[in-house]
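**Student:** Have a look at this one before I ask anything.
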Amino acid sequence: QVQLVESGGGLVQAGGSLRLSCAASGRTFTSYAMGWFRQAPGKQRDFVAYIKWSGSSTYYADSVKGRFTISRDAAKSTVELQMNSLKPEDTAVYYCAASGFSDSYYLRQMGNYAYWGQGTQVTVSS
């Protein structure tokens, strides 16, 4: 089992920045790829970014590429999402998740993540 707890959400004006953090505990953190997903009201949960266990491979949704950066600290068992140049359309509940998959295609699908955090709200005002 892996337990995930997100933090760092909040209210920010458009163009601002937020840094989300996800603390992991339980089974070996470095065995999993970590992903961030988001879900806006009335919409499906969408992929945002992932980072593989080694930290050397990352992937971003087109909508956040160039604005968001995912990173992980294996020693602290955390994964973070730095969000810059935020837009109102980034407003959503953000979830971190852990996956045992390593293939890029599978890591972009929420069904391939076995463990999820409770989510943290990000609201971007215009």
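Quick note on naming: the chains in the structure tokens go A, B, ... in the order shown, residues restart at 1 in each chain, and ligands are numbered from 1 in order of appearance.
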Could you give me, as a PyMOL selection string, the residues within 12 Å of Gln109 (chain A), counting only C-alpha atoms and dropping anything in the same chain fewer than 3 positions from it?

**Tutor:** chain A and resi 35-37+44-50+61+97-99+101-106+112-114

**Student:** Env of Gly10 (chain A): 9 Å cut, atoms = only C-alpha atoms, seq-sep filter 5 positions within chain, self excluded. Answer as a list in words.

**Tutor:**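 That gives Leu18, Thr120, Gln121, Val122, Thr123 and Val124 of chain A.
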
**Student:** Could you save those same residues with C-alpha atoms as an mmCIF file, in the first residue's frame?

**Tutor:**
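Once everything was written out, this is again24.cif:
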data_model
loop_
_atom_site.group_PDB
_atom_site.id
_atom_site.type_symbol
_atom_site.label_atom_id
_atom_site.label_comp_id
_atom_site.auth_asym_id
_atom_site.auth_seq_id
_atom_site.Cartn_x
_atom_site.Cartn_y
_atom_site.Cartn_z
ATOM 1 C CA LEU A 18 1.513 27.644 -7.022
ATOM 2 C CA THR A 120 -6.167 19.609 -3.354
ATOM 3 C CA GLN A 121 -8.194 22.502 -4.779
ATOM 4 C CA VAL A 122 -6.551 25.000 -7.106
ATOM 5 C CA THR A 123 -8.585 28.061 -8.050
ATOM 6 C CA VAL A 124 -7.288 30.628 -10.536
#

**Student:** Write out as a list in words the residues lying within 6 Å of Cys22 (chain A), counting only C-alpha atoms and excluding same-chain residues fewer than 5 positions away.

**Tutor:**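 Result of the neighbour search: Val5, Glu6, Thr78 and Val79 of chain A.
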
**Student:** Any chance you can output those residues with N, CA, C and O atoms as a short mmCIF file (atom, residue, chain, number, x, y, z; two decimals), in the first residue's frame?

**Tutor:**
data_model
loop_
_atom_site.label_atom_id
_atom_site.label_comp_id
_atom_site.auth_asym_id
_atom_site.auth_seq_id
_atom_site.Cartn_x
_atom_site.Cartn_y
_atom_site.Cartn_z
N VAL A 5 -0.63 12.10 0.17
CA VAL A 5 -1.31 13.28 0.72
C VAL A 5 -0.82 14.51 -0.02
O VAL A 5 0.37 14.84 0.03
N GLU A 6 -1.75 15.20 -0.68
CA GLU A 6 -1.41 16.42 -1.41
C GLU A 6 -1.55 17.65 -0.51
O GLU A 6 -2.35 17.66 0.43
N THR A 78 8.66 12.57 -1.82
CA THR A 78 7.69 13.58 -2.25
C THR A 78 7.77 13.76 -3.76
O THR A 78 8.80 13.52 -4.39
N VAL A 79 6.67 14.20 -4.31
CA VAL A 79 6.63 14.61 -5.71
C VAL A 79 5.94 15.97 -5.73
O VAL A 79 4.99 16.20 -4.99
#

**Student:** Chain A: which residues are strand (DSSP E or B) by DSSP, as an MDAnalysis selection string?

**Tutor:** chainID A and resid 2:7 10:13 18:26 33:39 45:51 58:60 68:73 78:83 92:99 115:116 120:125

**Student:** Determine which residues of chain A receive a DSSP assignment of helix (DSSP H, G or I), computed from the backbone, and state them as a PyMOL selection string.

**Tutor:** chain A and resi 29-31+88-90+104-107+110-112

**Student:** Limited to C-alpha atoms, could you put the picked residues into a file as a CSV table (one decimal), in the first residue's frame?

**Tutor:**
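Okay, part.csv is ready:
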chain,number,residue,atom,x,y,z
A,29,PHE,CA,8.2,5.1,-3.1
A,30,THR,CA,10.9,4.7,-5.7
A,31,SER,CA,9.2,1.7,-7.2
A,88,PRO,CA,-8.5,30.3,-15.0
A,89,GLU,CA,-8.9,27.1,-17.0
A,90,ASP,CA,-6.3,25.4,-14.7
A,104,SER,CA,4.4,6.4,-21.4
A,105,TYR,CA,1.1,5.5,-22.9
A,106,TYR,CA,-0.1,3.7,-19.8
A,107,LEU,CA,1.1,6.4,-17.5
A,110,MET,CA,-5.8,7.3,-14.9
A,111,GLY,CA,-7.0,3.7,-14.8
A,112,ASN,CA,-3.3,2.6,-14.6

**Student:** Might you pull out every residue within 8 Å of Gly26 (chain A), with only C-alpha atoms counted and same-chain residues fewer than 4 positions away left off, and present them as a compact mmCIF listing (two decimals) with C-alpha atoms, in the first residue's frame?

**Tutor:**
# COMPACT_ATOMS: atom_id res chain seq x y z
CA GLN A 1 0.00 0.00 0.00
CA VAL A 2 1.03 3.57 -0.71
CA GLN A 3 -0.55 6.52 1.03

**Student:** Might you pull out every residue within 7 Å of Arg67 (chain A), with only C-alpha atoms counted and same-chain residues fewer than 5 positions away left off, and present them as number ranges by chain?

**Tutor:** A: 83-85

**Student:** Which polymer residues have any atom within 7 Å of an atom of Ala40 (chain A), counting only C-alpha atoms, with same-chain residues fewer than 6 positions away left out, as number ranges by chain?

**Tutor:** A: 91-93

**Student:** Let's have the selection written as a tab-separated table (two decimals), in the first residue's frame, with N, CA and C atoms.

**Tutor:**
chain	number	residue	atom	x	y	z
A	91	THR	N	-8.16	25.85	-13.11
A	91	THR	CA	-8.94	25.62	-11.90
A	91	THR	C	-9.48	24.20	-11.87
A	92	ALA	N	-9.18	23.48	-10.79
A	92	ALA	CA	-9.59	22.08	-10.67
A	92	ALA	C	-9.12	21.55	-9.32
A	93	VAL	N	-9.58	20.36	-8.99
A	93	VAL	CA	-8.98	19.60	-7.90
A	93	VAL	C	-7.84	18.80	-8.49

**Student:** Using only C-alpha atoms, pick whichever of A:Lys87, A:Arg108, A:Leu20, A:Tyr95 has the shortest atom-to-atom distance to Ser71 (chain A).

**Tutor:** A:Leu20

**Student:** How many Å lie between CA of Gly100 (chain A) and CA of Gly8 (chain A), rounded to one decimal?

**Tutor:**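 Taking CA of Gly100 (chain A) and CA of Gly8 (chain A), their separation equals 25.2 Å.
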